[in-house]
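Enquirer: The structure under discussion is supplied below as structure tokens; questions concerning it will follow.
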Amino acid sequence: MSGTHASHGSHETGDSGSGDPAVALGPWRPRPETTADTAAVRRIHLAAFETAGEADLVDALRRDPSAWLPGLSYVADAPDGTPAAHALLTRCHVDEAPAMALAPCAVLPGYQKSGAGGAVIRALLEAARAAGERTAIVLGHPPYYPRFGFVPAARFGILPPQPWPDEAFMALSLDDSIPPRGTVRYAEAFGID
């Protein structure tokens with residue numbers, strides 16, 4: 001769901017960084033979001049998207065203890081220390097099995113296509129692995145997310161809650177196990193029935 005949810009259409013992070021996850025993160029310093037970053041995260045989403053929908057979604061997810069996963073909201077700082085990119089994993093479920101939704105993700109317009117989005121997503125997925133999480137789901141641009149290991153979720157028997165294109169609805173096994181089968185249920189803030 002990177003920047004894509006029920007009311008706002010499809011957007012992308014604007015990052016065309018290397019598809020090789022082993023490549024260094026360049027000048028970007030990804031790290032967990034702190035309370036001091038809340039306003040900067042909102043600014044990133046307001047600048048990256050046409051409406052306030054994604055910024056409002058992040059705020060709503062932050063207030064939902066059943067969705068918010070401490071330590072799994074990341075920013076990437078530019079060399080001058082400015083947070084330039086943000087990516088978020090929140091709790092979702094595949095039927096009753098816990099999983100995570102990658103959304104929203106955004107990069108400040110001046111830093112798009114610089115690798116900032118890829119750096120923050122890679123670091124975030126590594127943090128989720130380290131936390132023992134098993135499955136991540138994303139609704140996003142088919143050419144972009146496979147570089148992180150995402151494949152069409154249908155390959156695992158994971159179904160979207162609404163009719164979405166198979167190639168855009170993707171899943172990733174973080175621990176090389178077979179993900180659970182079933183229909184994804186997102187946090188209430190996404191507004192998806």
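In the structure tokens, the first chain shown is A, the next is B, and so on; residue numbers restart at 1 for each chain, and ligands run from 1 in the order shown.
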Can you pull out every residue within 6 Å of Ala136 (chain A), counting only C-alpha atoms, but drop anything in the same chain fewer than 2 positions away, and send it as a PyMOL selection string?

Expert: chain A and resi 99-101+171-172

Enquirer: Extract, using only C-alpha atoms, all DNA, RNA and protein residues at most 8 Å from Leu88 (chain A), discarding same-chain residues fewer than 3 positions from it, and format them as a PDB file with all heavy atoms, in the first residue's frame.

Expert:
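Saved result, out.pdb, follows:
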ATOM      1  N   LEU A  72       9.138   0.393  14.054  1.00  0.00           N
ATOM      2  CA  LEU A  72       8.999   0.040  12.636  1.00  0.00           C
ATOM      3  C   LEU A  72       8.422   1.195  11.815  1.00  0.00           C
ATOM      4  O   LEU A  72       7.691   1.007  10.845  1.00  0.00           O
ATOM      5  CB  LEU A  72       8.185  -1.240  12.472  1.00  0.00           C
ATOM      6  CG  LEU A  72       8.884  -2.490  13.022  1.00  0.00           C
ATOM      7  CD1 LEU A  72       8.042  -3.735  12.799  1.00  0.00           C
ATOM      8  CD2 LEU A  72      10.278  -2.675  12.405  1.00  0.00           C
ATOM      9  N   SER A  73       8.770   2.400  12.210  1.00  0.00           N
ATOM     10  CA  SER A  73       8.559   3.602  11.416  1.00  0.00           C
ATOM     11  C   SER A  73       9.940   4.212  11.268  1.00  0.00           C
ATOM     12  O   SER A  73      10.579   4.555  12.270  1.00  0.00           O
ATOM     13  CB  SER A  73       7.603   4.555  12.124  1.00  0.00           C
ATOM     14  OG  SER A  73       7.432   5.747  11.382  1.00  0.00           O
ATOM     15  N   TYR A  74      10.419   4.315  10.031  1.00  0.00           N
ATOM     16  CA  TYR A  74      11.802   4.733   9.784  1.00  0.00           C
ATOM     17  C   TYR A  74      11.863   5.997   8.938  1.00  0.00           C
ATOM     18  O   TYR A  74      11.013   6.207   8.059  1.00  0.00           O
ATOM     19  CB  TYR A  74      12.558   3.623   9.039  1.00  0.00           C
ATOM     20  CG  TYR A  74      13.387   2.734   9.920  1.00  0.00           C
ATOM     21  CD1 TYR A  74      12.819   2.021  10.965  1.00  0.00           C
ATOM     22  CD2 TYR A  74      14.750   2.582   9.706  1.00  0.00           C
ATOM     23  CE1 TYR A  74      13.581   1.191  11.776  1.00  0.00           C
ATOM     24  CE2 TYR A  74      15.521   1.755  10.519  1.00  0.00           C
ATOM     25  CZ  TYR A  74      14.933   1.069  11.549  1.00  0.00           C
ATOM     26  OH  TYR A  74      15.692   0.246  12.352  1.00  0.00           O
ATOM     27  N   ALA A 101       1.823  -4.351   6.991  1.00  0.00           N
ATOM     28  CA  ALA A 101       1.564  -3.585   5.765  1.00  0.00           C
ATOM     29  C   ALA A 101       2.634  -2.509   5.624  1.00  0.00           C
ATOM     30  O   ALA A 101       2.873  -1.745   6.556  1.00  0.00           O
ATOM     31  CB  ALA A 101       0.190  -2.946   5.835  1.00  0.00           C
ATOM     32  N   LEU A 102       3.284  -2.477   4.472  1.00  0.00           N
ATOM     33  CA  LEU A 102       4.261  -1.442   4.165  1.00  0.00           C
ATOM     34  C   LEU A 102       3.502  -0.290   3.505  1.00  0.00           C
ATOM     35  O   LEU A 102       3.111  -0.387   2.344  1.00  0.00           O
ATOM     36  CB  LEU A 102       5.338  -1.989   3.227  1.00  0.00           C
ATOM     37  CG  LEU A 102       6.389  -0.995   2.708  1.00  0.00           C
ATOM     38  CD1 LEU A 102       7.161  -0.348   3.844  1.00  0.00           C
ATOM     39  CD2 LEU A 102       7.333  -1.683   1.739  1.00  0.00           C
ATOM     40  N   ALA A 103       3.265   0.770   4.268  1.00  0.00           N
ATOM     41  CA  ALA A 103       2.528   1.925   3.731  1.00  0.00           C
ATOM     42  C   ALA A 103       2.259   2.908   4.846  1.00  0.00           C
ATOM     43  O   ALA A 103       1.998   2.499   5.964  1.00  0.00           O
ATOM     44  CB  ALA A 103       1.203   1.477   3.120  1.00  0.00           C
ATOM     45  N   PRO A 104       2.280   4.155   4.537  1.00  0.00           N
ATOM     46  CA  PRO A 104       2.774   4.733   3.291  1.00  0.00           C
ATOM     47  C   PRO A 104       4.288   4.939   3.314  1.00  0.00           C
ATOM     48  O   PRO A 104       4.905   4.895   4.370  1.00  0.00           O
ATOM     49  CB  PRO A 104       2.026   6.060   3.198  1.00  0.00           C
ATOM     50  CG  PRO A 104       1.652   6.415   4.595  1.00  0.00           C
ATOM     51  CD  PRO A 104       1.570   5.124   5.358  1.00  0.00           C
ATOM     52  N   CYS A 105       4.828   5.156   2.145  1.00  0.00           N
ATOM     53  CA  CYS A 105       6.248   5.470   1.962  1.00  0.00           C
ATOM     54  C   CYS A 105       6.322   6.767   1.169  1.00  0.00           C
ATOM     55  O   CYS A 105       5.526   6.958   0.244  1.00  0.00           O
ATOM     56  CB  CYS A 105       6.961   4.373   1.170  1.00  0.00           C
ATOM     57  SG  CYS A 105       6.869   2.738   1.902  1.00  0.00           S
ATOM     58  N   LEU A 124      14.149  -0.571   7.053  1.00  0.00           N
ATOM     59  CA  LEU A 124      12.916  -0.910   7.751  1.00  0.00           C
ATOM     60  C   LEU A 124      12.635  -2.406   7.674  1.00  0.00           C
ATOM     61  O   LEU A 124      12.288  -3.038   8.683  1.00  0.00           O
ATOM     62  CB  LEU A 124      11.754  -0.114   7.150  1.00  0.00           C
ATOM     63  CG  LEU A 124      10.369  -0.361   7.733  1.00  0.00           C
ATOM     64  CD1 LEU A 124      10.319  -0.010   9.216  1.00  0.00           C
ATOM     65  CD2 LEU A 124       9.335   0.453   6.952  1.00  0.00           C
TER      66      LEU A 124
END

Enquirer: Give me the region 108-155 of chain A side of the contact with region 39-44 of chain A, cut-off 12 Å, one line per residue showing its nearest atom pair and distance in Å at one decimal, counting only C-alpha atoms, sorted by chain and residue number, as CSV.

Expert:
residue,atom,partner,partner_atom,distance
A:Leu108,CA,A:Ile44,CA,5.2
A:Pro109,CA,A:Ile44,CA,8.5
A:Gly110,CA,A:Ile44,CA,10.5
A:Tyr111,CA,A:Ile44,CA,10.5
A:Gln112,CA,A:Ile44,CA,11.2
A:Gly117,CA,A:Ile44,CA,11.5

Enquirer: Pick the closest to Asp77 (chain A) from A:Ala119, A:Arg63, A:Cys92, A:Lys113: which is it, counting only C-alpha atoms?

Expert: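 Among the listed residues, A:Ala119 lies closest to Asp77 (chain A).
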
Enquirer: As a PyMOL selection string, please: every residue in region 18-94 of chain A that a backbone DSSP assignment puts in helix (DSSP H, G or I).

Expert: chain A and resi 35-48+53-62

Enquirer: Using only C-alpha atoms, determine which residues lie at most 12 Å from Arg155 (chain A), disregarding the query and same-chain residues fewer than 6 positions distant; provide the list as number ranges by chain.

Expert: A: 166-167, 169-173, 178-182

Enquirer: Would you mind telling me which residue in A:Trp68, A:Phe150, A:Tyr144, A:Phe49 lies nearest to Leu125 (chain A) when using only C-alpha atoms?

Expert: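 Distance minimum relative to Leu125 (chain A) lands on A:Phe150.
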
Enquirer: According to DSSP computed on the backbone, where in region 117-191 of chain A is there strand (DSSP E or B)? Give the residues as a count of residues only.

Expert: 18
